[in-house]
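Data block below; observations after.
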Amino acid sequence: MNRRDLVLDFFVVVALGFVFLFIDHRISAGIVTGFVFALINYKLIERRYQNLDKVSISTYLGIFLSTFVLIIPLFISVLFPAYLNWIGVLIGLLTIKASIIVKAVLEKG
């Protein structure tokens with residue numbers, strides 16, 4: 001994924017957050033929070049696969065850390081349901097994955 005795709009994802013998340021802001025502010029906060037953590041996870045995975053020739057303990061630690069990064073917003077949304085909706089967090093976490101799939105399908109034509 002290049003920078004243009006990430007910027008497009010950002011605008012999609014902002015639009016979704018704006019739409020859900022009028023329905024329930026917790027969902028829009030969850031979408032934005034989920035997207036931020038999905039972006040962090042994507043960057044961790046990208047950095048790990050750039051250094052794939054050097055497999056060591058830090059590689060396995062990176063796998064654990066990227067999984068932990070996905071768990072954090074869900075855990076926060078369960079602890080504080082008055083501020084974040086867990087469904088919104090899931091939508092935010094899946095935005096980057098969905099855009100990667102859509103881009104792959106469109107490129108195959």
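Following the order of the structure tokens, first chain is A, next is B, and so on, with residues numbered from 1 inside each chain and ligands from 1 in the order they appear.
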Worksheet item: Excluding same-chain residues fewer than 5 positions from Thr67 (chain A), what lies within 12 Å of it counting only C-alpha atoms, as a PyMOL selection string?
Response: chain A and resi 37-38+40-42+44-45+60-62+72-74+93
Export of prior selection with C-alpha atoms as a short mmCIF file (atom, residue, chain, number, x, y, z; two decimals), in the first residue's frame:
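Contents of the output file part.cif:
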data_model
loop_
_atom_site.label_atom_id
_atom_site.label_comp_id
_atom_site.auth_asym_id
_atom_site.auth_seq_id
_atom_site.Cartn_x
_atom_site.Cartn_y
_atom_site.Cartn_z
CA PHE A 37 -4.47 1.32 15.85
CA ALA A 38 -4.86 -0.46 12.50
CA ILE A 40 0.06 1.42 13.76
CA ASN A 41 -0.32 -2.33 13.21
CA TYR A 42 0.14 -1.94 9.45
CA LEU A 44 4.70 -2.53 12.37
CA ILE A 45 3.98 -5.34 9.92
CA TYR A 60 8.67 -13.00 17.13
CA LEU A 61 8.36 -10.10 19.53
CA GLY A 62 7.08 -7.98 16.63
CA ILE A 72 -5.70 -2.68 22.98
CA PRO A 73 -8.57 -0.69 21.39
CA LEU A 74 -11.01 -3.58 21.81
CA LEU A 93 -9.62 -2.01 12.55
#
Discussion item. I'd like to know which residues of region 30-109 of chain A are alpha helix (DSSP H) (by DSSP, run on the backbone); could you write them as an MDAnalysis selection string?
Written reply: chainID A and resid 30:50 57:79 86:108
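Each of A:Val78, A:Phe64, A:Phe35, A:Phe18 was checked against Ser99 (chain A) using only C-alpha atoms; the smallest atom-to-atom distance is that of A:Phe35.
When only C-alpha atoms are used to measure the gap to Asn85 (chain A), the shortest distance among A:Ser28, A:Met1, A:Phe11, A:Asn51 belongs to A:Ser28.
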Mind checking which residues fall within 10 Å of Arg48 (chain A), counting only C-alpha atoms, ignoring those fewer than 5 positions away in the same chain, and posting them as a PDB file with C-alpha atoms, in the first residue's frame?
ATOM      1  CA  TYR A  42       0.137  -1.936   9.448  1.00  0.00           C
ATOM      2  CA  LYS A  43       3.332   0.067   9.916  1.00  0.00           C
ATOM      3  CA  ASP A  53      16.150 -11.706   6.076  1.00  0.00           C
ATOM      4  CA  LYS A  54      17.140 -11.227   9.740  1.00  0.00           C
ATOM      5  CA  VAL A  55      14.873 -13.585  11.692  1.00  0.00           C
ATOM      6  CA  SER A  58      12.740  -9.438  17.729  1.00  0.00           C
ATOM      7  CA  THR A  59      10.766 -10.883  14.795  1.00  0.00           C
ATOM      8  CA  TYR A  60       8.674 -13.002  17.130  1.00  0.00           C
ATOM      9  CA  GLY A  62       7.083  -7.984  16.631  1.00  0.00           C
ATOM     10  CA  ILE A  63       4.408 -10.572  15.836  1.00  0.00           C
ATOM     11  CA  SER A  66       1.273  -6.370  16.392  1.00  0.00           C
TER      12      SER A  66
END
Practice prompt. Write out as an MDAnalysis selection string each polymer residue whose atoms come within 10 Å of His25 (chain A), counting only C-alpha atoms; drop sequence neighbours fewer than 5 positions from it.
Written response: chainID A and resid 17:20 30:31 82:85 88
Find the residues of region 41-103 of chain A that sit at most 12 Å from region 5-10 of chain A; for each, write down the nearest two atoms and how far apart they are in Å, to one decimal. Count only C-alpha atoms. Sort by chain, then by number going up, and give it as JSON lines.
{"residue": "A:Tyr42", "atom": "CA", "partner": "A:Leu6", "partner_atom": "CA", "distance": 10.3}
{"residue": "A:Lys43", "atom": "CA", "partner": "A:Leu6", "partner_atom": "CA", "distance": 11.0}
{"residue": "A:Gly92", "atom": "CA", "partner": "A:Asp9", "partner_atom": "CA", "distance": 10.1}
{"residue": "A:Leu93", "atom": "CA", "partner": "A:Asp9", "partner_atom": "CA", "distance": 11.5}
{"residue": "A:Leu94", "atom": "CA", "partner": "A:Asp9", "partner_atom": "CA", "distance": 10.7}
{"residue": "A:Thr95", "atom": "CA", "partner": "A:Asp9", "partner_atom": "CA", "distance": 7.0}
{"residue": "A:Ile96", "atom": "CA", "partner": "A:Asp9", "partner_atom": "CA", "distance": 6.8}
{"residue": "A:Lys97", "atom": "CA", "partner": "A:Asp9", "partner_atom": "CA", "distance": 10.2}
{"residue": "A:Ala98", "atom": "CA", "partner": "A:Asp9", "partner_atom": "CA", "distance": 9.6}
{"residue": "A:Ser99", "atom": "CA", "partner": "A:Asp9", "partner_atom": "CA", "distance": 7.2}
{"residue": "A:Ile100", "atom": "CA", "partner": "A:Asp5", "partner_atom": "CA", "distance": 8.7}
{"residue": "A:Ile101", "atom": "CA", "partner": "A:Asp5", "partner_atom": "CA", "distance": 11.9}
{"residue": "A:Val102", "atom": "CA", "partner": "A:Asp5", "partner_atom": "CA", "distance": 10.9}
{"residue": "A:Lys103", "atom": "CA", "partner": "A:Asp5", "partner_atom": "CA", "distance": 8.9}
Restricting the output to C-alpha atoms, write the selected residues as a PDB file, in the first residue's frame.
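selection_18.pdb, written as the output of this step:
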ATOM      1  CA  TYR A  42       0.137  -1.936   9.448  1.00  0.00           C
ATOM      2  CA  LYS A  43       3.332   0.067   9.916  1.00  0.00           C
ATOM      3  CA  GLY A  92     -11.955   0.964  12.168  1.00  0.00           C
ATOM      4  CA  LEU A  93      -9.620  -2.008  12.554  1.00  0.00           C
ATOM      5  CA  LEU A  94     -10.897  -3.559   9.330  1.00  0.00           C
ATOM      6  CA  THR A  95     -10.651  -0.455   7.106  1.00  0.00           C
ATOM      7  CA  ILE A  96      -7.045  -1.018   6.009  1.00  0.00           C
ATOM      8  CA  LYS A  97      -7.640  -4.730   5.417  1.00  0.00           C
ATOM      9  CA  ALA A  98     -10.752  -3.956   3.381  1.00  0.00           C
ATOM     10  CA  SER A  99      -8.922  -1.395   1.254  1.00  0.00           C
ATOM     11  CA  ILE A 100      -6.099  -3.869   0.558  1.00  0.00           C
ATOM     12  CA  ILE A 101      -8.646  -6.457  -0.586  1.00  0.00           C
ATOM     13  CA  VAL A 102     -10.552  -3.945  -2.742  1.00  0.00           C
ATOM     14  CA  LYS A 103      -7.332  -2.734  -4.330  1.00  0.00           C
TER      15      LYS A 103
END
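Of note, CA of Gln50 (chain A) and CA of Leu65 (chain A) are spaced 16.4 Å apart.
Shortest atom-to-atom contact with Ile27 (chain A) among A:Val69, A:Ile91, A:Val14, A:Ile76: A:Ile91, counting only C-alpha atoms.
Using only C-alpha atoms, the nearest neighbour of Thr33 (chain A) within the list A:Ile57, A:Ala104, A:Val12, A:Val89 is A:Val89.
Put simply, CA of Leu21 (chain A) is 28.6 Å away from CA of Asn2 (chain A).
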